[in-house]
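Raw start-v7.cif, mmCIF, C-alpha atoms:
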data_input
#
loop_
_atom_site.label_atom_id
_atom_site.label_comp_id
_atom_site.auth_asym_id
_atom_site.auth_seq_id
_atom_site.Cartn_x
_atom_site.Cartn_y
_atom_site.Cartn_z
CA MET B 571 58.44 -69.10 -75.56
CA ARG B 572 62.11 -69.05 -74.74
CA THR B 573 62.08 -65.30 -74.33
CA GLY B 574 59.21 -65.62 -71.88
CA ARG B 575 61.17 -68.07 -69.72
CA ILE B 576 64.18 -65.80 -69.69
CA THR B 577 62.00 -62.90 -68.60
CA GLN B 578 60.41 -64.95 -65.83
CA CYS B 579 63.80 -66.15 -64.71
CA SER B 580 65.18 -62.62 -64.69
CA ILE B 581 62.26 -61.33 -62.63
CA GLY B 582 62.76 -64.20 -60.18
CA ILE B 583 66.42 -63.38 -59.79
CA ILE B 584 65.65 -59.70 -59.26
CA VAL B 585 63.03 -60.52 -56.60
CA VAL B 586 65.42 -62.83 -54.76
CA LEU B 587 68.26 -60.34 -54.95
CA THR B 588 66.01 -57.48 -53.75
CA ALA B 589 64.73 -59.54 -50.81
CA ALA B 590 68.27 -60.55 -49.88
CA SER B 591 69.41 -56.95 -50.12
CA LEU B 592 66.53 -55.68 -47.94
CA SER B 593 67.18 -58.38 -45.40
CA PHE B 594 70.89 -57.56 -45.40
CA ASN B 595 70.16 -53.83 -45.00
CA LYS B 596 67.76 -54.56 -42.14
CA ALA B 597 70.32 -56.71 -40.36
CA ASN B 598 72.91 -54.04 -40.99
CA LYS B 599 70.61 -51.36 -39.59
CA VAL B 600 69.98 -53.42 -36.42
CA THR B 601 73.70 -53.88 -35.96
CA SER B 602 74.26 -50.20 -36.61
CA ASP B 603 71.51 -49.11 -34.15
CA ARG B 604 72.92 -51.39 -31.46
CA SER B 605 76.32 -49.91 -31.95
CA VAL B 606 75.03 -46.32 -31.91
CA SER B 607 73.00 -46.97 -28.75
CA GLU B 608 75.87 -48.70 -26.99
CA ASN B 609 78.31 -45.93 -27.89
CA ALA B 610 75.81 -43.28 -26.76
CA PHE B 611 75.58 -44.91 -23.32
CA LEU B 612 79.35 -45.11 -23.05
CA GLN B 613 79.39 -41.33 -23.60
CA VAL B 614 76.75 -40.51 -20.99
CA TYR B 615 78.37 -42.97 -18.59
CA LYS B 616 81.28 -40.52 -18.33
CA VAL B 617 78.81 -37.90 -17.12
CA PHE B 618 77.13 -40.27 -14.67
CA MET B 619 80.53 -41.05 -13.18
CA SER B 620 81.39 -37.35 -12.74
CA PRO B 621 81.20 -36.01 -9.17
CA ARG B 622 78.25 -33.77 -10.04
CA CYS B 623 76.11 -36.82 -10.73
CA MET B 624 77.70 -39.52 -8.60
CA ASN B 625 77.75 -37.49 -5.39
CA CYS B 626 73.97 -37.76 -5.12
CA HIS B 627 73.95 -41.39 -6.29
CA PRO B 628 76.26 -42.90 -3.64
CA ALA B 629 76.71 -46.58 -2.83
CA GLY B 630 75.86 -45.93 0.82
CA ASP B 631 73.24 -43.79 2.53
CA VAL B 632 75.51 -40.77 2.99
CA PRO B 633 75.70 -38.25 0.13
CA LEU B 634 79.13 -37.43 -1.27
CA GLN B 635 80.77 -34.04 -1.70
CA GLY B 636 83.46 -32.38 -3.76
CA ASP B 637 85.40 -33.47 -6.79
CA ASP B 638 87.03 -36.19 -4.63
CA ASN B 639 83.65 -37.75 -3.68
CA HIS B 640 84.26 -37.51 0.08
CA LEU B 641 81.44 -38.31 2.50
CA HIS B 642 79.15 -35.39 3.33
CA PRO B 643 80.11 -34.16 6.79
CA GLN B 644 77.65 -33.48 9.62
CA GLY B 645 76.34 -37.06 9.61
CA VAL B 646 73.85 -36.31 6.86
CA LYS B 647 71.81 -39.37 5.83
CA ARG B 648 69.54 -40.23 2.91
CA GLY B 649 66.30 -40.83 4.86
CA ALA B 650 63.34 -42.81 3.52
CA ASP B 651 62.36 -40.19 0.95
CA GLY B 652 65.92 -39.21 0.03
CA LYS B 653 65.49 -35.77 1.57
CA GLY B 654 67.44 -36.26 4.78
CA VAL B 655 66.24 -36.82 8.34
CA TYR B 656 64.99 -34.70 11.25
CA ALA B 657 67.04 -31.52 11.57
CA LEU B 658 69.35 -32.60 8.76
CA LYS B 659 67.06 -32.43 5.77
CA CYS B 660 68.73 -31.44 2.50
CA ALA B 661 66.70 -28.27 2.00
CA ASN B 662 67.66 -26.97 5.45
CA CYS B 663 71.00 -25.90 3.99
CA HIS B 664 70.58 -26.37 0.22
CA GLN B 665 68.61 -23.40 -1.05
CA PRO B 666 66.56 -23.13 -4.25
CA GLN B 667 69.72 -21.67 -5.81
CA ASN B 668 73.48 -21.98 -5.31
CA THR B 669 74.73 -19.97 -2.36
CA PRO B 670 77.56 -17.82 -3.76
CA GLY B 671 81.14 -18.43 -2.64
CA LEU B 672 83.65 -21.25 -2.32
CA ASP B 673 82.52 -24.21 -0.20
CA MET B 674 79.03 -22.77 0.19
CA PRO B 675 76.04 -25.09 -0.19
CA PRO B 676 74.95 -25.64 -3.79
CA GLY B 677 71.25 -25.74 -4.51
CA VAL B 678 68.21 -26.00 -6.75
CA PRO B 679 64.59 -26.50 -5.70
CA ASP B 680 63.94 -29.99 -4.31
CA TRP B 681 67.57 -30.94 -3.68
CA HIS B 682 67.58 -34.62 -2.74
CA LEU B 683 69.00 -38.11 -3.21
CA PRO B 684 67.05 -41.04 -4.65
CA PRO B 685 64.73 -42.50 -2.00
CA ALA B 686 65.73 -45.47 0.16
CA ASP B 687 63.52 -47.92 -1.74
CA MET B 688 64.98 -46.88 -5.12
CA ARG B 689 68.59 -45.98 -4.40
CA MET B 690 69.77 -45.77 -8.01
CA VAL B 691 73.43 -46.24 -7.11
CA PHE B 692 75.98 -44.91 -9.61
CA GLN B 693 79.07 -45.21 -7.42
CA GLY B 694 81.13 -48.30 -8.26
CA LYS B 695 78.94 -49.43 -11.17
CA THR B 696 80.37 -50.48 -14.52
CA ALA B 697 78.70 -49.15 -17.68
CA HIS B 698 77.05 -52.56 -18.08
CA GLU B 699 75.68 -52.57 -14.52
CA LEU B 700 74.54 -48.97 -14.65
CA ALA B 701 72.72 -49.33 -17.97
CA LEU B 702 70.92 -52.43 -16.70
CA GLN B 703 69.89 -50.58 -13.54
CA ILE B 704 68.74 -47.40 -15.27
CA LYS B 705 66.48 -49.18 -17.76
CA ASP B 706 64.98 -51.60 -15.20
CA PRO B 707 61.61 -50.21 -13.97
CA LYS B 708 61.98 -52.30 -10.81
CA GLN B 709 65.14 -50.36 -9.98
CA ASN B 710 64.41 -46.98 -11.54
CA GLY B 711 61.20 -46.09 -9.73
CA GLY B 712 58.92 -47.49 -12.43
CA LYS B 713 60.20 -45.09 -15.07
CA SER B 714 59.47 -45.74 -18.73
CA PRO B 715 62.12 -44.87 -21.33
CA GLN B 716 60.27 -41.58 -21.94
CA ASP B 717 60.20 -40.89 -18.18
CA LEU B 718 63.97 -41.36 -18.11
CA ILE B 719 64.38 -38.78 -20.86
CA GLU B 720 62.10 -36.40 -18.92
CA HIS B 721 64.20 -36.90 -15.77
CA MET B 722 67.20 -35.58 -17.67
CA LYS B 723 65.30 -32.31 -18.21
CA THR B 724 64.84 -31.61 -14.47
CA ASP B 725 66.51 -28.67 -12.74
CA LEU B 726 68.31 -31.11 -10.45
CA VAL B 727 70.02 -32.83 -13.39
CA LYS B 728 70.71 -29.55 -15.19
CA TRP B 729 72.29 -28.17 -12.01
CA ALA B 730 75.38 -30.30 -12.77
CA TRP B 731 76.25 -27.80 -15.50
CA GLU B 732 75.75 -24.79 -13.18
CA PRO B 733 77.33 -26.23 -10.05
CA GLY B 734 78.46 -23.02 -8.39
CA ASP B 735 81.86 -21.80 -7.34
CA GLY B 736 84.75 -24.26 -7.11
CA ARG B 737 83.04 -27.32 -8.61
CA ASN B 738 84.02 -28.95 -11.90
CA LYS B 739 81.36 -29.56 -14.53
CA PRO B 740 80.71 -32.92 -16.25
CA PRO B 741 82.99 -33.76 -19.21
CA MET B 742 80.54 -32.72 -21.97
CA SER B 743 77.91 -30.02 -22.48
CA TYR B 744 74.36 -30.51 -21.25
CA ASN B 745 72.98 -30.56 -24.79
CA GLU B 746 75.52 -33.16 -25.85
CA PHE B 747 74.67 -35.26 -22.79
CA TYR B 748 70.92 -34.99 -23.36
CA ASN B 749 71.20 -35.86 -27.04
CA GLN B 750 73.41 -38.87 -26.33
CA PHE B 751 71.08 -40.10 -23.58
CA LYS B 752 68.07 -39.75 -25.88
CA LEU B 753 69.99 -41.51 -28.64
CA TRP B 754 70.74 -44.37 -26.28
CA ILE B 755 67.02 -44.77 -25.55
CA ASP B 756 65.79 -44.15 -29.10
CA LYS B 757 68.14 -46.75 -30.57
CA GLY B 758 67.10 -49.45 -28.16
CA ALA B 759 68.70 -48.68 -24.77
CA VAL B 760 71.41 -51.24 -25.47
CA VAL B 761 73.37 -52.44 -22.45
CA PRO B 762 77.11 -52.28 -23.14
CA ASN B 763 79.04 -55.53 -22.63
CA MET S 908 59.63 -4.22 1.43
CA ILE S 909 59.46 -7.81 2.64
CA THR S 910 56.77 -9.30 4.85
CA LEU S 911 57.39 -12.33 7.01
CA THR S 912 55.97 -13.83 10.19
CA VAL S 913 58.38 -14.37 13.04
CA ASN S 914 57.23 -15.96 16.29
CA ASP S 915 53.60 -15.46 15.25
CA GLN S 916 54.11 -11.74 14.70
CA SER S 917 53.99 -10.14 11.26
CA TYR S 918 56.88 -7.88 10.25
CA THR S 919 57.54 -5.78 7.18
CA VAL S 920 61.23 -5.06 6.68
CA ASP S 921 63.09 -2.91 4.18
CA VAL S 922 65.99 -5.18 3.21
CA GLU S 923 67.47 -6.77 0.11
CA PRO S 924 65.78 -10.10 -0.78
CA THR S 925 69.20 -11.78 -0.81
CA MET S 926 70.00 -10.77 2.78
CA PRO S 927 70.47 -13.85 4.98
CA LEU S 928 67.50 -14.44 7.25
CA LEU S 929 69.94 -14.45 10.18
CA TRP S 930 70.83 -10.79 9.60
CA VAL S 931 67.18 -9.82 9.45
CA LEU S 932 66.46 -11.64 12.70
CA ARG S 933 69.44 -10.29 14.59
CA ASP S 934 70.14 -6.85 13.12
CA VAL S 935 66.71 -5.71 11.99
CA LEU S 936 64.31 -7.44 14.38
CA HIS S 937 66.83 -7.59 17.25
CA LEU S 938 66.07 -11.23 18.02
CA THR S 939 69.62 -12.05 19.10
CA GLY S 940 69.02 -15.48 20.60
CA THR S 941 69.94 -17.00 17.22
CA LYS S 942 73.72 -16.95 16.79
CA TYR S 943 76.18 -16.47 13.95
CA GLY S 944 78.71 -19.31 13.92
CA CYS S 945 80.33 -20.14 10.58
CA GLY S 946 78.20 -18.33 8.02
CA MET S 947 78.26 -21.33 5.67
CA ALA S 948 75.71 -23.80 7.07
CA GLN S 949 78.38 -25.93 8.69
CA CYS S 950 77.87 -25.49 12.43
CA GLY S 951 74.16 -25.12 13.22
CA ALA S 952 74.38 -22.15 15.61
CA CYS S 953 71.97 -20.17 13.40
CA THR S 954 69.24 -22.84 13.26
CA VAL S 955 65.66 -21.54 13.25
CA HIS S 956 62.40 -23.07 12.09
CA LEU S 957 61.03 -22.13 8.68
CA ASN S 958 57.58 -23.68 8.35
CA GLY S 959 58.65 -26.17 10.99
CA GLU S 960 61.96 -27.23 9.42
CA ALA S 961 65.33 -26.56 11.06
CA VAL S 962 66.93 -24.30 8.45
CA ARG S 963 70.35 -22.69 8.67
CA SER S 964 69.44 -19.01 8.68
CA CYS S 965 72.96 -17.87 7.73
CA VAL S 966 72.51 -19.22 4.18
CA THR S 967 68.73 -18.90 3.92
CA THR S 968 67.86 -15.72 2.08
CA VAL S 969 65.05 -13.65 3.54
CA ALA S 970 63.31 -14.02 0.16
CA ARG S 971 62.69 -17.68 1.03
CA ALA S 972 60.88 -16.61 4.21
CA VAL S 973 58.50 -14.13 2.54
CA ASN S 974 54.98 -14.80 3.83
CA GLN S 975 56.31 -17.92 5.57
CA LYS S 976 56.34 -18.79 9.25
CA VAL S 977 59.63 -18.39 11.11
CA ILE S 978 60.13 -19.50 14.72
CA THR S 979 63.27 -18.58 16.63
CA ILE S 980 64.44 -19.67 20.06
CA GLU S 981 62.55 -16.67 21.47
CA GLY S 982 59.30 -18.08 20.08
CA LEU S 983 59.75 -21.77 20.84
CA SER S 984 57.48 -21.33 23.87
CA SER S 985 55.75 -18.38 25.47
CA ASN S 986 57.49 -18.72 28.84
CA ASN S 987 60.48 -21.05 28.36
CA THR S 988 58.43 -24.13 29.25
CA HIS S 989 58.97 -26.16 26.12
CA PRO S 990 60.04 -29.65 27.28
CA LEU S 991 63.44 -29.07 25.71
CA GLN S 992 63.95 -25.77 27.52
CA ARG S 993 62.93 -27.38 30.82
CA ALA S 994 65.16 -30.39 30.21
CA TRP S 995 68.08 -28.14 29.20
CA ALA S 996 67.79 -26.30 32.50
CA GLU S 997 67.34 -29.46 34.56
CA GLU S 998 70.36 -31.15 32.95
CA ASP S 999 72.38 -27.94 33.11
CA VAL S 1000 73.40 -28.49 29.50
CA PRO S 1001 75.12 -25.27 28.38
CA GLN S 1002 78.71 -24.38 29.12
CA CYS S 1003 79.41 -21.22 27.13
CA GLY S 1004 75.92 -21.47 25.64
CA TYR S 1005 76.71 -20.03 22.22
CA CYS S 1006 75.48 -23.01 20.21
CA GLN S 1007 72.58 -23.95 22.46
CA SER S 1008 69.70 -22.13 20.78
CA GLY S 1009 70.61 -23.90 17.54
CA GLN S 1010 70.89 -27.22 19.39
CA ILE S 1011 67.43 -26.78 20.92
CA MET S 1012 65.80 -25.76 17.63
CA SER S 1013 67.24 -28.86 15.93
CA ALA S 1014 66.18 -31.09 18.83
CA ALA S 1015 62.64 -29.67 18.62
CA VAL S 1016 62.27 -31.02 15.08
CA LEU S 1017 63.56 -34.41 16.21
CA LEU S 1018 61.06 -34.64 19.06
CA ARG S 1019 58.18 -33.51 16.87
CA GLU S 1020 58.91 -36.23 14.31
CA ASN S 1021 60.08 -38.90 16.74
CA PRO S 1022 58.72 -38.63 20.30
CA ASN S 1023 60.82 -41.62 21.47
CA PRO S 1024 64.27 -41.10 19.97
CA THR S 1025 67.05 -43.61 20.52
CA ASP S 1026 70.67 -42.55 20.91
CA GLN S 1027 71.12 -43.28 17.20
CA ASP S 1028 68.12 -41.10 16.31
CA ILE S 1029 69.62 -38.29 18.39
CA ASP S 1030 72.95 -38.67 16.59
CA ASP S 1031 71.19 -38.66 13.23
CA ALA S 1032 69.35 -35.46 14.09
CA MET S 1033 72.00 -33.57 16.01
CA SER S 1034 75.34 -34.40 14.39
CA GLY S 1035 75.16 -31.22 12.32
CA ASN S 1036 75.10 -28.99 15.40
CA ILE S 1037 78.60 -28.41 16.69
CA CYS S 1038 79.43 -27.55 20.30
CA ARG S 1039 82.97 -26.34 20.96
CA CYS S 1040 82.51 -26.96 24.68
CA GLY S 1041 81.69 -30.60 23.97
CA THR S 1042 78.38 -30.76 25.80
CA TYR S 1043 77.17 -33.57 23.57
CA GLN S 1044 76.56 -36.08 26.36
CA ARG S 1045 74.42 -33.61 28.29
CA ILE S 1046 72.55 -32.67 25.10
CA ARG S 1047 71.74 -36.33 24.53
CA LYS S 1048 70.62 -36.76 28.13
CA ALA S 1049 68.47 -33.63 27.97
CA ILE S 1050 66.76 -34.79 24.77
CA HIS S 1051 65.83 -38.08 26.44
CA ARG S 1052 64.52 -36.12 29.43
CA ALA S 1053 62.55 -33.78 27.15
CA ALA S 1054 61.01 -36.80 25.44
CA SER S 1055 59.78 -37.98 28.86
CA LEU S 1056 58.47 -34.52 29.74
CA GLN S 1057 56.71 -34.34 26.39
CA LYS S 1058 54.92 -37.62 27.14
CA GLU S 1059 53.75 -36.21 30.46
CA GLY S 1060 51.94 -33.47 28.58
CA GLY S 1061 54.50 -30.77 28.31
CA VAL S 1062 54.08 -30.24 24.58
CA GLN S 1063 53.79 -26.57 23.67
#
Give the structure from the file, written as structure tokens.
Amino acid sequence: MRTGRITQCSIGIIVVLTAASLSFNKANKVTSDRSVSENAFLQVYKVFMSPRCMNCHPAGDVPLQGDDNHLHPQGVKRGADGKGVYALKCANCHQPQNTPGLDMPPGVPDWHLPPADMRMVFQGKTAHELALQIKDPKQNGGKSPQDLIEHMKTDLVKWAWEPGDGRNKPPMSYNEFYNQFKLWIDKGAVVPN
Amino acid sequence: MITLTVNDQSYTVDVEPTMPLLWVLRDVLHLTGTKYGCGMAQCGACTVHLNGEAVRSCVTTVARAVNQKVITIEGLSSNNTHPLQRAWAEEDVPQCGYCQSGQIMSAAVLLRENPNPTDQDIDDAMSGNICRCGTYQRIRKAIHRAASLQKEGGVQ
């Protein structure tokens, strides 16, 4: 009789301890995932702030140029679709490939800025502001998390790592960038504080 | 061999695919109305139409024009009666004239897309075409005049 009670009591203790442990592990995992996601965004933020990304995500309606982010000369403007206006459309000078030589126009197919109704500004944004903007479908062109990952596979994004003569590359490799961006999404797209 | 259509005429040329379209137009087809200015898409003197868009032919490889439609200043109209050509003559726009074919080809895209351009629209369309003689005020006036001529039925 006594032995039976001890056994029951022991089982009860084990159940309680197991539940507590699982709960603790789960909470720990959530905390860990949040931290991983947040850190991943802080890594890709360095890429987003590099001239190769920011120059086509300006605060105004004029694209930027160079490693010093100066305004694009010639009065070039975004236009409604992000592809320039009238005789100054992006693809009039920007070819499907980089034009060789210093200060020559860089290019990939479909060179453009974000459209006027979805400006996706990087310039001047903190990591917190940028993460909020990127994950908000109302500001990102209705993109789902998977769509965002797909965007990072486009030739236009990859161009940043083949920018042509005289232009610095972003501060990490493309693969590292892509993996960190995917990690940010996969672990919950946490917005850094 | 590369085949392209220039001013509604088909040409087959024996050139490298990476040759700038400008060299093909000027040195191979002898259409010298299009000018070489900077060679790096900065000045607009080399502007021609590729499928209706005002491309800089000095950085546009001929490969991009294969089987596409190219229009140069020589082909803008059959007898120099495009509203812009008439307005340019009436306003006596050119001084040295070197940049003017590029100016007109850029203005043609503006008027096609916006038949009633404001001064701001003209600036937005034309600020990439540089004129060392500074004929900008006459260019603006001529574009307004061409817009009026176009409304009167002068569209080519």
Worksheet entry | Residue contacts of segment 642-651 of chain B (12 Å, all atoms listed in the file) excluding same-chain residues fewer than 6 positions away, as a VMD selection string | (chain B and resid 625 to 636 657 to 663 675 680 to 689) or (chain S and resid 948 to 951 1027 to 1037)
Please identify every residue of chain S that has at least one atom no farther than 12 Å from an atom of chain B, counting only C-alpha atoms, and for each give the shortest atom pair and the distance in Å to one decimal, arranged by chain then increasing number, as CSV.
residue,atom,partner,partner_atom,distance
S:Thr925,CA,B:Thr669,CA,10.0
S:Met926,CA,B:Thr669,CA,11.6
S:Pro927,CA,B:Thr669,CA,10.5
S:Cys945,CA,B:Met674,CA,10.8
S:Gly946,CA,B:Met674,CA,9.0
S:Met947,CA,B:Met674,CA,5.7
S:Ala948,CA,B:Cys663,CA,6.0
S:Gln949,CA,B:Gln644,CA,7.6
S:Cys950,CA,B:Gln644,CA,8.5
S:Gly951,CA,B:Ala657,CA,9.7
S:Cys953,CA,B:Cys663,CA,11.1
S:Thr954,CA,B:Asn662,CA,9.0
S:Val955,CA,B:Asn662,CA,9.7
S:His956,CA,B:Asn662,CA,9.3
S:Leu957,CA,B:Asn662,CA,8.8
S:Asn958,CA,B:Asn662,CA,11.0
S:Gly959,CA,B:Ala657,CA,10.0
S:Glu960,CA,B:Asn662,CA,7.0
S:Ala961,CA,B:Ala657,CA,5.3
S:Val962,CA,B:Asn662,CA,4.1
S:Arg963,CA,B:Cys663,CA,5.7
S:Ser964,CA,B:Cys663,CA,8.5
S:Cys965,CA,B:Cys663,CA,9.1
S:Val966,CA,B:Cys663,CA,6.9
S:Thr967,CA,B:Gln665,CA,6.7
S:Thr968,CA,B:Gln665,CA,8.3
S:Val969,CA,B:Gln665,CA,11.3
S:Ala970,CA,B:Pro666,CA,10.6
S:Arg971,CA,B:Gln665,CA,8.5
S:Ala972,CA,B:Gln665,CA,11.6
S:Gly1009,CA,B:Ala657,CA,10.3
S:Gln1010,CA,B:Ala657,CA,9.7
S:Ile1011,CA,B:Ala657,CA,10.5
S:Met1012,CA,B:Ala657,CA,8.5
S:Ser1013,CA,B:Ala657,CA,5.1
S:Ala1014,CA,B:Ala657,CA,7.3
S:Ala1015,CA,B:Ala657,CA,8.5
S:Val1016,CA,B:Ala657,CA,5.9
S:Leu1017,CA,B:Tyr656,CA,5.2
S:Leu1018,CA,B:Tyr656,CA,8.7
S:Arg1019,CA,B:Tyr656,CA,8.9
S:Glu1020,CA,B:Tyr656,CA,7.0
S:Asn1021,CA,B:Tyr656,CA,8.5
S:Pro1022,CA,B:Tyr656,CA,11.7
S:Pro1024,CA,B:Tyr656,CA,10.8
S:Gln1027,CA,B:Gly645,CA,11.1
S:Asp1028,CA,B:Tyr656,CA,8.7
S:Ile1029,CA,B:Tyr656,CA,9.2
S:Asp1030,CA,B:Gly645,CA,7.9
S:Asp1031,CA,B:Gly645,CA,6.5
S:Ala1032,CA,B:Ala657,CA,5.2
S:Met1033,CA,B:Ala657,CA,7.0
S:Ser1034,CA,B:Gln644,CA,5.4
S:Gly1035,CA,B:Gln644,CA,4.3
S:Asn1036,CA,B:Gln644,CA,7.8
S:Ile1037,CA,B:Gln644,CA,8.8
Worksheet entry | Picked residues, the PyMOL selection byres ((chain B and resi 614) around 9), expected as a list of chain:residue names |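 That selection, the PyMOL selection byres ((chain B and resi 614) around 9), comes back as B:Asn609, B:Ala610, B:Phe611, B:Leu612, B:Gln613, B:Tyr615, B:Lys616, B:Val617, B:Phe618, B:Met619, B:Met742, B:Glu746, B:Phe747, B:Tyr748, B:Gln750, B:Phe751, B:Trp754.
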Fill in: Answer key for the PyMOL selection byres ((chain S and resi 978) around 7), residues as a ChimeraX atom specification
/S:913-914,955-957,976-977,979-980,982-983
Worksheet entry | Nearby residues, (68.7, -16.9, 25.5) file frame, 10 Å, only C-alpha atoms, as number ranges by chain | S: 938-941, 980-981, 987, 1004-1005, 1007-1008
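Across the model, the gap from atom CA of Glu608 of chain B to atom CA of Pro762 of chain B is 5.4 Å.
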Discussion item. Residues within 10 Å of Ala759 of chain B, please, as a VMD selection string. Count all atoms listed in the file; anything in the same chain fewer than 6 positions from it doesn't count.
Written reply: chain B and resid 603 to 604 606 to 608 610 to 611 701 to 702 704 to 705 715 751 to 753
Discussion item. Would you compute the distance between atom CA of Pro679 of chain B and atom CA of Cys623 of chain B? Give it in Å to one decimal.
Written reply: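 So the two atoms, atom CA of Pro679 of chain B and atom CA of Cys623 of chain B, lie 16.3 Å apart.
Taking atom CA of Leu991 of chain S as the reference point, atom CA of Val935 of chain S is found at 27.3 Å.
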